[in-house]
file structure23.txt (compact mmCIF, C-alpha atoms)
# COMPACT_ATOMS: atom_id res chain seq x y z
CA MET A 26 0.00 0.00 0.00
CA THR A 27 1.40 3.39 -1.03
CA ALA A 28 0.78 6.27 1.36
CA ALA A 29 -0.66 9.40 -0.21
CA THR A 30 1.17 12.69 0.21
CA GLU A 31 -1.82 14.89 -0.66
CA TYR A 32 -5.23 14.34 0.87
CA THR A 33 -7.93 16.38 2.54
CA LEU A 34 -8.77 16.42 6.23
CA ALA A 35 -12.14 14.85 5.42
CA GLU A 36 -10.38 11.97 3.65
CA LEU A 37 -8.04 11.51 6.62
CA CYS A 38 -11.09 11.38 8.93
CA ILE A 39 -12.87 8.88 6.67
CA VAL A 40 -9.92 6.51 6.77
CA ALA A 41 -9.46 6.98 10.53
CA ALA A 42 -13.17 6.41 11.13
CA SER A 43 -13.13 3.23 9.04
CA GLN A 44 -10.86 1.73 11.71
CA ALA A 45 -13.81 1.68 14.11
CA PHE A 46 -15.32 -1.22 12.10
CA VAL A 47 -12.18 -3.30 11.53
CA ASP A 48 -12.75 -5.93 14.21
CA ASP A 49 -16.55 -6.04 14.06
CA GLY A 50 -16.94 -9.07 11.80
CA GLU A 51 -20.40 -9.64 10.38
CA VAL A 52 -22.42 -6.79 11.90
CA LEU A 53 -24.66 -4.13 10.38
CA ALA A 54 -22.76 -0.86 9.93
CA THR A 55 -24.86 2.30 9.97
CA GLY A 56 -23.03 5.49 9.06
CA ILE A 57 -25.22 8.55 9.60
CA GLY A 58 -23.79 11.44 7.62
CA VAL A 59 -21.34 11.63 4.74
CA VAL A 60 -18.08 10.90 6.60
CA PRO A 61 -19.50 8.04 8.73
CA ARG A 62 -21.22 6.53 5.68
CA LEU A 63 -18.03 6.63 3.63
CA ALA A 64 -16.02 5.27 6.57
CA ALA A 65 -18.30 2.25 6.90
CA SER A 66 -18.30 1.72 3.13
CA LEU A 67 -14.50 1.89 2.99
CA ALA A 68 -14.23 -0.66 5.80
CA MET A 69 -16.65 -2.96 3.99
CA LYS A 70 -14.53 -2.84 0.84
CA THR A 71 -11.13 -3.17 2.53
CA SER A 72 -10.52 -4.01 6.18
CA ASN A 73 -13.73 -5.90 7.07
CA THR A 74 -15.36 -7.50 4.06
CA ASP A 75 -17.82 -9.33 6.36
CA LEU A 76 -19.43 -6.02 7.27
CA MET A 77 -23.09 -5.59 6.28
CA MET A 78 -24.81 -2.44 5.05
CA THR A 79 -28.29 -1.53 3.89
CA ASP A 80 -29.42 0.72 1.07
CA SER A 81 -30.95 2.92 3.83
CA GLU A 82 -34.35 1.49 3.01
CA ALA A 83 -35.02 -2.25 3.18
CA TRP A 84 -32.29 -4.10 1.30
CA MET A 85 -28.99 -5.54 2.44
CA LEU A 86 -26.10 -4.85 0.09
CA SER A 87 -23.08 -6.92 -0.86
CA GLU A 88 -21.46 -3.70 -2.18
CA PRO A 89 -22.01 -0.25 -0.63
CA ASN A 90 -23.97 2.20 -2.75
CA PRO A 91 -22.09 5.34 -3.82
CA LEU A 92 -23.37 8.65 -2.45
CA GLY A 93 -25.58 11.00 -4.43
CA GLN A 94 -27.36 10.66 -7.72
CA ARG A 95 -26.42 7.58 -9.73
CA SER A 96 -26.53 6.85 -13.44
CA ALA A 97 -29.75 5.57 -14.96
CA ASP A 98 -28.25 2.11 -15.49
CA PHE A 99 -26.92 1.75 -11.91
CA VAL A 100 -27.97 -1.53 -10.29
CA PRO A 101 -27.51 -1.81 -6.51
CA ALA A 102 -25.93 -5.04 -5.27
CA THR A 103 -28.96 -6.14 -3.25
CA GLU A 104 -28.43 -9.37 -1.38
CA SER A 105 -31.37 -9.87 0.98
CA TRP A 106 -34.34 -8.09 2.47
CA MET A 107 -34.17 -6.37 5.86
CA GLY A 108 -37.45 -4.66 6.69
CA PHE A 109 -38.19 -2.49 9.70
CA SER A 110 -38.90 -5.32 12.13
CA ARG A 111 -35.71 -7.13 11.17
CA ILE A 112 -33.70 -3.97 11.88
CA PHE A 113 -35.00 -4.03 15.47
CA ASP A 114 -34.06 -7.70 15.82
CA ASN A 115 -30.59 -6.80 14.60
CA VAL A 116 -30.26 -3.85 16.99
CA TRP A 117 -31.41 -5.75 20.07
CA SER A 118 -29.08 -8.63 19.30
CA GLY A 119 -26.10 -6.26 19.45
CA ARG A 120 -25.03 -7.03 15.88
CA ARG A 121 -24.93 -3.43 14.73
CA HIS A 122 -22.41 -0.59 14.94
CA ALA A 123 -23.63 2.95 14.31
CA MET A 124 -21.53 6.07 13.75
CA LEU A 125 -23.11 9.50 13.96
CA GLY A 126 -22.39 13.11 14.86
CA PRO A 127 -23.83 14.36 18.16
CA THR A 128 -24.06 18.07 18.94
CA GLN A 129 -22.66 17.54 22.46
CA ILE A 130 -20.49 14.83 24.04
CA ASP A 131 -19.84 15.15 27.76
CA ARG A 132 -17.08 13.65 29.89
CA PHE A 133 -19.10 10.46 30.40
CA GLY A 134 -19.49 9.89 26.67
CA GLN A 135 -23.17 10.76 26.93
CA SER A 136 -24.31 12.55 23.80
CA ASN A 137 -27.01 15.02 22.79
CA THR A 138 -28.90 14.97 19.50
CA SER A 139 -32.08 16.50 20.92
CA ALA A 140 -32.11 20.04 22.31
CA LEU A 141 -29.82 22.86 23.41
CA GLY A 142 -30.34 25.37 26.21
CA GLY A 143 -33.43 26.27 28.20
CA THR A 144 -35.63 23.36 29.22
CA TYR A 145 -36.57 20.36 27.14
CA GLU A 146 -40.16 21.67 27.00
CA LYS A 147 -38.87 25.06 25.79
CA PRO A 148 -35.28 24.73 24.51
CA LYS A 149 -33.34 27.48 22.82
CA THR A 150 -32.65 25.13 19.91
CA MET A 151 -34.54 21.97 18.98
CA MET A 152 -32.71 19.35 16.94
CA LEU A 153 -33.43 15.92 15.51
CA GLY A 154 -34.44 14.34 18.81
CA ALA A 155 -33.22 11.25 20.64
CA ARG A 156 -35.16 8.97 18.27
CA GLY A 157 -33.73 5.44 18.59
CA PHE A 158 -30.47 6.51 20.20
CA PRO A 159 -31.33 5.55 23.82
CA GLY A 160 -32.01 1.94 22.81
CA ASN A 161 -29.11 1.86 20.37
CA SER A 162 -26.66 3.01 23.03
CA ILE A 163 -27.53 0.15 25.39
CA SER A 164 -27.77 -2.49 22.66
CA HIS A 165 -24.73 -2.18 20.39
CA PRO A 166 -21.45 -0.32 19.79
CA ASN A 167 -21.52 3.32 18.72
CA SER A 168 -18.87 5.70 17.42
CA PHE A 169 -18.93 9.47 16.85
CA PHE A 170 -17.70 11.89 14.20
CA VAL A 171 -17.24 15.58 15.09
CA PRO A 172 -16.24 17.91 12.21
CA ASP A 173 -15.43 20.86 14.50
CA HIS A 174 -13.70 19.90 17.75
CA ASN A 175 -14.49 22.64 20.29
CA THR A 176 -15.68 23.21 23.86
CA ARG A 177 -19.29 23.63 22.73
CA VAL A 178 -19.32 20.00 21.59
CA PHE A 179 -16.98 18.61 24.24
CA MET A 180 -18.64 20.76 26.85
CA SER A 181 -18.33 21.22 30.61
CA GLY A 182 -20.89 19.57 32.84
CA GLU A 183 -23.48 17.15 31.53
CA CYS A 184 -25.19 17.31 28.13
CA ASP A 185 -28.15 19.70 27.98
CA PHE A 186 -30.24 16.67 27.08
CA VAL A 187 -28.91 13.12 27.39
CA SER A 188 -29.86 11.27 24.19
CA SER A 189 -27.60 8.25 24.71
CA ILE A 190 -26.02 6.61 27.72
CA GLY A 191 -22.32 6.81 28.47
CA TYR A 192 -20.07 5.82 31.33
CA ASN A 193 -22.17 7.60 33.97
CA PRO A 194 -23.22 5.26 36.81
CA ALA A 195 -26.04 7.63 37.78
CA ARG A 196 -27.80 7.19 34.44
CA LEU A 197 -27.30 3.49 33.74
CA PRO A 198 -30.60 1.70 33.00
CA LYS A 199 -31.72 -0.92 35.49
CA GLY A 200 -29.90 -4.20 34.95
CA HIS A 201 -27.00 -2.64 33.00
CA ARG A 202 -23.35 -2.17 33.96
CA LEU A 203 -20.69 0.24 32.73
CA ASP A 204 -19.09 -2.68 30.90
CA ASP A 205 -22.23 -2.89 28.74
CA VAL A 206 -21.51 0.55 27.26
CA ASP A 207 -19.41 0.36 24.08
CA ILE A 208 -18.29 3.70 22.64
CA ARG A 209 -15.60 2.65 20.16
CA LEU A 210 -14.00 5.72 18.58
CA VAL A 211 -14.51 9.48 18.48
CA ILE A 212 -13.07 10.98 15.30
CA THR A 213 -12.74 14.76 15.03
CA ASN A 214 -10.99 17.30 12.82
CA LEU A 215 -8.13 17.31 15.36
CA CYS A 216 -7.64 13.73 16.48
CA VAL A 217 -8.98 10.27 17.24
CA MET A 218 -10.11 9.50 20.80
CA ASP A 219 -11.85 6.79 22.78
CA PHE A 220 -13.02 6.31 26.37
CA GLY A 221 -10.22 3.92 27.31
CA GLY A 222 -8.54 6.13 29.91
CA PRO A 223 -8.66 5.57 33.68
CA ASP A 224 -12.28 5.12 34.86
CA HIS A 225 -13.47 5.46 31.26
CA GLN A 226 -11.92 8.90 30.86
CA ILE A 227 -11.74 10.15 27.29
CA ARG A 228 -8.32 9.24 25.88
CA LEU A 229 -6.23 10.50 22.99
CA VAL A 230 -5.63 7.68 20.47
CA SER A 231 -3.89 9.59 17.68
CA LEU A 232 -3.21 13.16 16.61
CA HIS A 233 -3.85 14.33 13.07
CA PRO A 234 -0.67 15.60 11.35
CA GLY A 235 0.36 19.00 12.68
CA VAL A 236 -2.00 18.94 15.70
CA THR A 237 -0.71 18.94 19.28
CA ALA A 238 -2.15 17.33 22.39
CA GLU A 239 -2.32 20.83 23.89
CA ALA A 240 -4.61 21.95 21.06
CA VAL A 241 -6.90 19.00 21.72
CA GLN A 242 -7.08 19.80 25.44
CA GLU A 243 -7.70 23.51 24.77
CA ASN A 244 -10.72 22.54 22.68
CA THR A 245 -12.09 20.01 25.20
CA ALA A 246 -13.79 21.35 28.34
CA TYR A 247 -12.88 18.32 30.46
CA PRO A 248 -9.56 16.53 31.02
CA VAL A 249 -8.26 14.34 28.19
CA HIS A 250 -6.06 11.39 29.13
CA VAL A 251 -2.86 11.65 27.08
CA PRO A 252 -0.74 8.47 26.96
CA ALA A 253 3.03 8.73 26.99
CA ASP A 254 3.25 7.86 23.29
CA VAL A 255 0.53 9.20 20.98
CA PRO A 256 0.97 8.30 17.31
CA VAL A 257 0.12 10.47 14.33
CA THR A 258 -3.08 9.44 12.56
CA THR A 259 -2.16 7.22 9.62
CA ALA A 260 -2.34 8.91 6.23
CA PRO A 261 -4.67 7.44 3.59
CA THR A 262 -3.17 5.19 0.97
CA LEU A 263 -3.59 5.87 -2.74
CA GLU A 264 -5.77 2.75 -2.92
CA GLN A 265 -8.04 4.04 -0.14
CA LEU A 266 -8.36 7.45 -1.80
CA ALA A 267 -9.37 5.79 -5.07
CA ILE A 268 -12.08 3.78 -3.31
CA ILE A 269 -13.35 6.88 -1.49
CA ALA A 270 -13.52 8.81 -4.78
CA ALA A 271 -15.54 5.99 -6.37
CA LEU A 272 -17.90 5.87 -3.38
CA ASP A 273 -18.34 9.66 -3.43
CA PRO A 274 -18.34 10.63 -7.13
CA HIS A 275 -19.93 14.04 -6.45
CA ASN A 276 -17.30 14.90 -3.81
CA GLN A 277 -19.76 15.50 -0.98
CA ARG A 278 -16.85 14.88 1.41
CA ALA A 279 -15.38 18.25 0.41
CA HIS A 280 -18.23 20.02 2.23
CA GLN A 281 -18.09 18.17 5.56
CA ILE A 282 -15.30 20.13 7.27
CA LYS A 283 -15.11 23.91 7.00
CA ASP A 284 -12.96 25.12 4.09
CA ASN A 285 -12.01 21.53 3.14
CA PRO A 286 -8.43 21.88 4.50
CA PRO A 287 -5.52 19.55 3.70
CA GLY A 288 -5.15 16.53 5.95
CA SER A 289 -1.65 17.44 7.07
CA ARG A 290 -1.23 20.75 8.88
CA SER A 291 2.45 20.16 9.63

call {"tool": "encode", "arguments": {"input": "structure23.txt", "output": "structure tokens"}}
result
Amino acid sequence: MTAATEYTLAELCIVAASQAFVDDGEVLATGIGVVPRLAASLAMKTSNTDLMMTDSEAWMLSEPNPLGQRSADFVPATESWMGFSRIFDNVWSGRRHAMLGPTQIDRFGQSNTSALGGTYEKPKTMMLGARGFPGNSISHPNSFFVPDHNTRVFMSGECDFVSSIGYNPARLPKGHRLDDVDIRLVITNLCVMDFGGPDHQIRLVSLHPGVTAEAVQENTAYPVHVPADVPVTTAPTLEQLAIIAALDPHNQRAHQIKDNPPGSRS
């Protein structure tokens, strides 16, 4: 594999996020948003060919669909049917891994996709809502993508509204333990993190080229565990970039991080 020397930050994040699915085996990958969707698709085509994906409606695919409008003669690689009820069976069995982009992530790994400020009955800003996230977060692994790493996302205190459980003993559902929570990776425009630090503290896994651990901490409102040796996030290979380009022929990835900067800021 030949490492690329020129790539965008979005492409670096796609490749880094694809690592979240490497060891999953045959589970349903759900990438919500352009970068998570491309990350899961890249993993399915390279590092975990057992991964399953849907067409976002009711069909399982043996090849991920490209993003955006397709040619009139495009034929999706449908393999089997997975209707709404079968999705729930899959979720409750734990054989799913979702990646999405919360608006807030607190020190426990709890996330907010619902409302900001005020009260829940009268918030300052109303968002998508918790939807299926509470059940998802207790049933299967989840990962996060954050395009703008700052202290509004990684905020002080607890989320304004807790949409998904994290490593907070006070909010664990009856019959569940902290070990049941599985937040795999948090990929941002600055770094890759997880919750593998002491007592499930958020931990720095890798730094994107040209980013310092100090910059990550300055943009996180709670302490980040920094191991003694933090590697640089691995650059995409030319082969990975070619696959990403084929999966995203309309270059939607260029609009996912402000100004579409280069992946290396060194």

call {"tool": "closest_residue", "arguments": {"input": "structure23.txt", "among": "A:Tyr247, A:Phe186, A:Phe179, A:Phe133", "to": "Gly221 of chain A", "atoms": "all atoms listed in the file"}}
result
A:Phe133

call {"tool": "closest_atom_pairs", "arguments": {"input": "structure23.txt", "of": "segment 192-285 of chain A", "to": "segment 101-124 of chain A", "cutoff": "10 Å", "atoms": "only C-alpha atoms", "output": "Markdown table"}}
result
| residue | atom | partner | partner_atom | distance |
| --- | --- | --- | --- | --- |
| A:Asp207 | CA | A:His122 | CA | 9.7 |
| A:Ile208 | CA | A:His122 | CA | 9.7 |
| A:Arg209 | CA | A:His122 | CA | 9.2 |
| A:Leu210 | CA | A:Met124 | CA | 9.0 |
| A:Val211 | CA | A:Met124 | CA | 9.1 |
| A:Ile212 | CA | A:Met124 | CA | 9.9 |

call {"tool": "write_last_selection", "arguments": {"input": "structure23.txt", "atoms": "C-alpha atoms", "output": "PDB file, in the coordinates of the input"}}
result
ATOM      1  CA  ASP A 207     -19.410   0.360  24.080  1.00  0.00           C
ATOM      2  CA  ILE A 208     -18.290   3.700  22.640  1.00  0.00           C
ATOM      3  CA  ARG A 209     -15.600   2.650  20.160  1.00  0.00           C
ATOM      4  CA  LEU A 210     -14.000   5.720  18.580  1.00  0.00           C
ATOM      5  CA  VAL A 211     -14.510   9.480  18.480  1.00  0.00           C
ATOM      6  CA  ILE A 212     -13.070  10.980  15.300  1.00  0.00           C
TER       7      ILE A 212
END

call {"tool": "residues_around", "arguments": {"input": "structure23.txt", "residues": "Met151 of chain A", "least_positions_apart": "5", "cutoff": "8 Å", "atoms": "all atoms listed in the file", "output": "list in words"}}
result
Ser139, Ala140 and Leu141 of chain A

call {"tool": "closest_residue", "arguments": {"input": "structure23.txt", "among": "A:Cys216, A:Leu197, A:Val178, A:Ala41", "to": "Ala68 of chain A", "atoms": "all atoms listed in the file"}}
result
A:Ala41

call {"tool": "closest_residue", "arguments": {"input": "structure23.txt", "among": "A:Asp185, A:Glu239, A:Asp173, A:Glu88", "to": "Thr138 of chain A", "atoms": "only C-alpha atoms"}}
result
A:Asp185

call {"tool": "atom_distance", "arguments": {"input": "structure23.txt", "atom1": "atom CA of Cys184 of chain A", "atom2": "atom CA of Ala65 of chain A"}}
result
26.9 Å

call {"tool": "atom_distance", "arguments": {"input": "structure23.txt", "atom1": "atom CA of Leu53 of chain A", "atom2": "atom CA of Leu76 of chain A"}}
result
6.4 Å

call {"tool": "atom_distance", "arguments": {"input": "structure23.txt", "atom1": "atom CA of Ile269 of chain A", "atom2": "atom CA of Thr55 of chain A"}}
result
16.9 Å

call {"tool": "residues_near_point", "arguments": {"input": "structure23.txt", "point": "(-12.4, 15.8, 25.5)", "cutoff": "7 Å", "atoms": "only C-alpha atoms", "output": "ChimeraX atom specification"}}
result
/A:132,179,227,242,245-249

call {"tool": "residues_near_point", "arguments": {"input": "structure23.txt", "point": "(-26.0, 13.4, 16.2)", "cutoff": "7 Å", "atoms": "all atoms listed in the file", "output": "list in words"}}
result
Leu125, Gly126, Pro127, Thr128, Asn137 and Thr138 of chain A

call {"tool": "residues_around", "arguments": {"input": "structure23.txt", "residues": "Arg290 of chain A", "least_positions_apart": "6", "cutoff": "9 Å", "atoms": "only C-alpha atoms", "output": "list in words"}}
result
His233, Pro234, Gly235 and Val236 of chain A

call {"tool": "residues_around", "arguments": {"input": "structure23.txt", "residues": "Val255 of chain A", "least_positions_apart": "5", "cutoff": "12 Å", "atoms": "only C-alpha atoms", "output": "VMD selection string"}}
result
chain A and resid 216 to 218 228 to 234 236 to 238 250

call {"tool": "residues_around", "arguments": {"input": "structure23.txt", "residues": "Ala28 of chain A", "least_positions_apart": "2", "cutoff": "7 Å", "atoms": "all atoms listed in the file", "output": "mmCIF file with C-alpha atoms, keeping the file's coordinate frame"}}
result
data_model
loop_
_atom_site.group_PDB
_atom_site.id
_atom_site.type_symbol
_atom_site.label_atom_id
_atom_site.label_comp_id
_atom_site.auth_asym_id
_atom_site.auth_seq_id
_atom_site.Cartn_x
_atom_site.Cartn_y
_atom_site.Cartn_z
ATOM 1 C CA MET A 26 0.000 0.000 0.000
ATOM 2 C CA THR A 30 1.170 12.690 0.210
ATOM 3 C CA ALA A 260 -2.340 8.910 6.230
ATOM 4 C CA PRO A 261 -4.670 7.440 3.590
ATOM 5 C CA THR A 262 -3.170 5.190 0.970
ATOM 6 C CA LEU A 263 -3.590 5.870 -2.740
#
